[in-house]
Amino acid sequence: MAEHSDGVDKTTAKAAGGAADPAGAAGTAGAGATAPAAPAARATAGPGAGDTAAGATAPEVAPATAGPVPGPDTDAGAGPGAPPGSAADAAAWHAAQAYQYRLRAAAAARAEGGAPPAWAVLVRPAEAAPVRTATLVAALVTGLTAALLLGDGLGIGLLLAVAPAAVAAYAAARAARRTARPWTVAWAVGCLALLTVPALRDAAWPAVLAVLAAILLAALALHGSRTWPGIVLSPVGFLEAVVSGTGWAWAGLRSRSGASRERWLPVAKAVVVAAVLLLLFGTLFASADAAFADLLGHLTPDVTAGEGPLRALLFLAGAVLALAAARVAAAPLRWDRITVAPGAARSRVEWALPLVVLDLLFAGFNAVQLAVLFGGYDRILRSTGLGHAEYARQGFWQLLGATLLTLAVIALALRWAPRGGPGDRRLVRAVLGSLCALTLIVVAAALRRMDLYVDAYGLTRLRVSVAAMELWLGLVIVLIMAAGVFGARWLPRALAGSAAAAVLAFGLLSPDGLIAERNVSRYQQDGKIDLAYLQSLSADAVPALDGLPEPRRSCALRGINDELSRGGSIPWYAMSLGEYRARQILRERPVTAPYEVCAGLGTFGGSGRIRY
């Protein structure tokens with residue numbers, strides 16, 4: 001995966017004589033570069049276009065001309081427009097000719113009323129370089145790995161299946177002369193780190209969040225996006241690449257089926273012979289030695305005929321997604337070239353008055369929170385008639401909603417902020433900076449209320465999730481405040497990176513294990529515990545629940561133990577570290593309490609359930 005240096009290499013762009021398409025075949029190398037425009041006119045692409053600095057320009061479609069639209073290779077090989085002698089110069093010449101053809105074709109379509117939208121022309125990717133053999137092989141390995149390892153579950157098998165796809169994308173990026181940059185490396189490393197969560201945690205909900213966050217980071221790494229449209233729309237590029245990547249690979253296979261047949265046919269025969277030999281001698285050795293057969297059984301996937309359709313679907317999905325990633329790496333859509341026009345600037349009074357009033361309201365609310373914190377808590381409870389837990393529960397959700405609404409207010413305020421000069425900028429920073437600072441106090445108050453509620457009723461998945469979300473929203477507000485001081489160019493990528501880091505930390509923290517630890521600690525303090533809820537947790541909770549005294553230990557673990565028993569034997573590549581540890585604990589200290597005892601303790605329902 002590599003962040004774009006925009007299409008073909010610099011040699012191609014230079015030899016093209018300034019005619020290469022910055023939205024297509026050629027590109028710029030770094031900040032401050034300006035893409036060449038068509039002879040007719042230039043159109044400003046806005047900040048973050050491709051990987052260039054703010055203010056880079058993109059070509060506008062030239063007016064339609066009379067006569068037929070020539071092809072990209074018109075006049076090739078003759079006259080002054082013939083390609084130069086070297087291969088690099090010839091490639092640059094063809095890129096320039098292809099770009100001019102696209103301009104004339106788009107102009108003709110516009111003249112006939114069938115031109116695509118301007119943004120579609122702007123984000124159109126370059127022509128991808130021919131698919132390399134390494135990319136095709138890596139996509140095939142991805143499909144085979146997915147078919148063999150993902151049919152029994154995720155675990156480390158997901159990371160093993162994604163690794164060849166990363167190789168395919170890297171090979172395609174190298175063929176397109178794209179170079180890796182620091183943000184690209186950060187996104188790629190973060191993506192692989194997120195994919196370790198299913199290998200570490202048995203709980204499905206943090207694993208699903210980690211996989212979704214990994215897809216976002218992979219899209220950012222492949223597209224090299226850094227603006228708000230790029231961050232939001234980069235995952236959409238995968239949908240387009242699923243179709244174009246398949247056609248790209250098919251064209252590559254067809255080009256190899258003729259003249260290069262004498263090269264790949266011997267390799268294919270050798271692979272088939274090697275597979276037959278492994279199968280034949282592996283079967284003989286397994287039947288000759290039980291220890292070797294047991295080792296072989298644990299290391300190799302157990303594939304049955306009934307799983308054929310599932311395995312075929314996994315193979316197809318793995319190969320197609322690997323080709324889609326490689327296609328994006330070879331020629332990504334340039335979402336960064338889409339610009340969002342700022343809203344109409346308002347006058348200082350019209351813009352600032354509502355926000356100042358909101359700041360005063362926040363200040364009054366926070367003053368009450370501080371008064372309650374420093375000694376007025378009991379008086380507030382007497383006046384409201386609420387208990388500690390009810391007071392905490394009543395306020396948390398409203399404060400969470402207030403935090404989300406504040407972020408929306410800040411976004412709209414920045415869109416319509418006055419932009420007349422330094423005085424307006426100071427006003428915007430003062431008003432919105434005060435609002436952000438006051439919102440941080442609201443975040444702290446919400447987290448304090450959640451802590452009181454957890455002390456009263458215990459920790460649940462919903463509570464730990466929303467508390468983690470509130471923490472991340474506080475971090476978002478801090479980043480917005482920093483952007484007001486240091487500039488906002490880095491803010492979109494910082495927010496995307498903070499979200500991915502939060503999801504990774506959430507998965508590594510093991511939320512089910514944390515829930516079990518907090519509830520066991522609460523039981524040790526006041527003797528209250530909801531066994532019915534605890535036995536619905538995943539295997540990640542087993543180490544903490546193992547610390548309960550009998551028979552509550554066995555009753556809390558009964559549901560998890562039954563779930564693991566129903567799952568049967570799980571191969572190593574589909575088993576998470578959390579499940580492996582749980583199986584070890586339950587093997588050494590089995591569940592012993594009978595059903596009747598657990599029913600008497602409320603394990604299978606009744607009062608005392610943890611409320612959401």
# chains A, B, ... in the order shown; residues from 1 in each chain; ligands from 1
$ residues_around --residues "segment 476-491 of chain A" --least-positions-apart "5" --cutoff "7 Å" --atoms "only C-alpha atoms" --output "list in words"
Arg429, Gly433 and Cys436 of chain A
$ residues_around --residues "segment 328-335 of chain A" --least-positions-apart "3" --cutoff "6 Å" --atoms "only C-alpha atoms" --output "NGL selection string"
:A and (50 or 123-126 or 128 or 169 or 172-173 or 176 or 222-223 or 230 or 325 or 338)
$ select_by_dssp --residues "segment 188-224 of chain A" --states "helix (DSSP H, G or I)" --output "PyMOL selection string"
chain A and resi 188-194+197-200+204-223
$ write_last_selection --atoms "C-alpha atoms" --output "PDB file, in the first residue's frame"
ATOM      1  CA  ALA A 188      -0.868   0.354   6.737  1.00  0.00           C
ATOM      2  CA  VAL A 189       0.669  -0.488  10.120  1.00  0.00           C
ATOM      3  CA  GLY A 190      -2.525   0.578  11.883  1.00  0.00           C
ATOM      4  CA  CYS A 191      -4.598  -1.600   9.554  1.00  0.00           C
ATOM      5  CA  LEU A 192      -2.508  -4.693  10.319  1.00  0.00           C
ATOM      6  CA  ALA A 193      -2.551  -3.893  14.052  1.00  0.00           C
ATOM      7  CA  LEU A 194      -6.353  -3.701  14.036  1.00  0.00           C
ATOM      8  CA  VAL A 197      -7.794  -7.911  17.558  1.00  0.00           C
ATOM      9  CA  PRO A 198      -9.777 -10.963  16.283  1.00  0.00           C
ATOM     10  CA  ALA A 199      -6.693 -13.069  17.012  1.00  0.00           C
ATOM     11  CA  LEU A 200      -6.521 -11.789  20.593  1.00  0.00           C
ATOM     12  CA  ALA A 204     -17.277 -10.484  18.431  1.00  0.00           C
ATOM     13  CA  TRP A 205     -18.204  -6.838  19.001  1.00  0.00           C
ATOM     14  CA  PRO A 206     -14.684  -5.374  19.428  1.00  0.00           C
ATOM     15  CA  ALA A 207     -13.484  -7.624  16.585  1.00  0.00           C
ATOM     16  CA  VAL A 208     -16.144  -6.276  14.213  1.00  0.00           C
ATOM     17  CA  LEU A 209     -15.267  -2.688  15.145  1.00  0.00           C
ATOM     18  CA  ALA A 210     -11.590  -3.457  14.531  1.00  0.00           C
ATOM     19  CA  VAL A 211     -12.274  -4.950  11.087  1.00  0.00           C
ATOM     20  CA  LEU A 212     -14.353  -1.920  10.055  1.00  0.00           C
ATOM     21  CA  ALA A 213     -11.644   0.453  11.274  1.00  0.00           C
ATOM     22  CA  ALA A 214      -9.043  -1.614   9.390  1.00  0.00           C
ATOM     23  CA  ILE A 215     -11.037  -1.197   6.160  1.00  0.00           C
ATOM     24  CA  LEU A 216     -11.043   2.580   6.685  1.00  0.00           C
ATOM     25  CA  LEU A 217      -7.286   2.689   7.239  1.00  0.00           C
ATOM     26  CA  ALA A 218      -6.656   0.447   4.225  1.00  0.00           C
ATOM     27  CA  ALA A 219      -8.726   2.809   2.068  1.00  0.00           C
ATOM     28  CA  LEU A 220      -6.752   5.807   3.342  1.00  0.00           C
ATOM     29  CA  ALA A 221      -3.443   4.058   2.696  1.00  0.00           C
ATOM     30  CA  LEU A 222      -4.423   3.056  -0.842  1.00  0.00           C
ATOM     31  CA  HIS A 223      -5.971   6.386  -1.840  1.00  0.00           C
TER      32      HIS A 223
END
$ closest_residue --among "A:Glu596, A:Glu517, A:Glu240, A:Asp152" --to "Leu321 of chain A" --atoms "only C-alpha atoms"
A:Glu240
$ atom_distance --atom1 "atom CA of Phe238 of chain A" --atom2 "atom CA of Pro309 of chain A"
24.7 Å
$ closest_residue --among "A:Gly224, A:Pro418, A:Pro164, A:Gly143" --to "Ala352 of chain A" --atoms "only C-alpha atoms"
A:Pro418
$ atom_distance --atom1 "atom CA of Leu414 of chain A" --atom2 "atom CA of Gly474 of chain A"
18.7 Å
$ atom_distance --atom1 "atom CA of Ala344 of chain A" --atom2 "atom CA of Ala413 of chain A"
11.0 Å
$ residues_around --residues "segment 545-559 of chain A" --least-positions-apart "5" --cutoff "6 Å" --atoms "only C-alpha atoms" --output "list in words"
Leu531, Leu534, Gln535, Val591, Ala593 and Cys598 of chain A
$ residues_around --residues "Phe362 of chain A" --least-positions-apart "3" --cutoff "10 Å" --atoms "only C-alpha atoms" --output "list of chain:residue names"
A:Val356, A:Val357, A:Leu358, A:Asp359, A:Phe365, A:Asn366, A:Ala367, A:Ser434, A:Leu435, A:Ala437, A:Leu438, A:Thr439, A:Ile441, A:Val442
$ write_last_selection --atoms "C-alpha atoms" --output "tab-separated table (two decimals), in the first residue's frame"
chain	number	residue	atom	x	y	z
A	356	VAL	CA	-21.85	33.71	23.14
A	357	VAL	CA	-25.27	32.95	24.60
A	358	LEU	CA	-24.50	29.24	24.28
A	359	ASP	CA	-21.16	29.77	26.02
A	365	PHE	CA	-24.35	24.44	33.81
A	366	ASN	CA	-20.70	23.75	34.58
A	367	ALA	CA	-20.86	26.02	37.63
A	434	SER	CA	-14.37	28.90	24.97
A	435	LEU	CA	-17.15	26.59	23.79
A	437	ALA	CA	-13.20	24.26	26.82
A	438	LEU	CA	-16.64	24.33	28.43
A	439	THR	CA	-17.62	21.20	26.51
A	441	ILE	CA	-16.12	20.01	31.45
A	442	VAL	CA	-19.42	18.55	30.22
$ residues_around --residues "Leu316 of chain A" --least-positions-apart "4" --cutoff "9 Å" --atoms "only C-alpha atoms" --output "ChimeraX atom specification"
/A:143-144,146-147,311-312,320-321
$ residues_around --residues "Ala582 of chain A" --least-positions-apart "4" --cutoff "7 Å" --atoms "only C-alpha atoms" --output "compact mmCIF listing (two decimals) with C-alpha atoms, in the first residue's frame"
# COMPACT_ATOMS: atom_id res chain seq x y z
CA ALA A 539 -14.46 -16.35 26.74
CA VAL A 542 -13.10 -16.34 32.02
CA PRO A 543 -9.81 -15.30 33.74
CA GLY A 578 -8.85 -15.32 24.74
CA LEU A 586 -11.89 -24.67 32.25
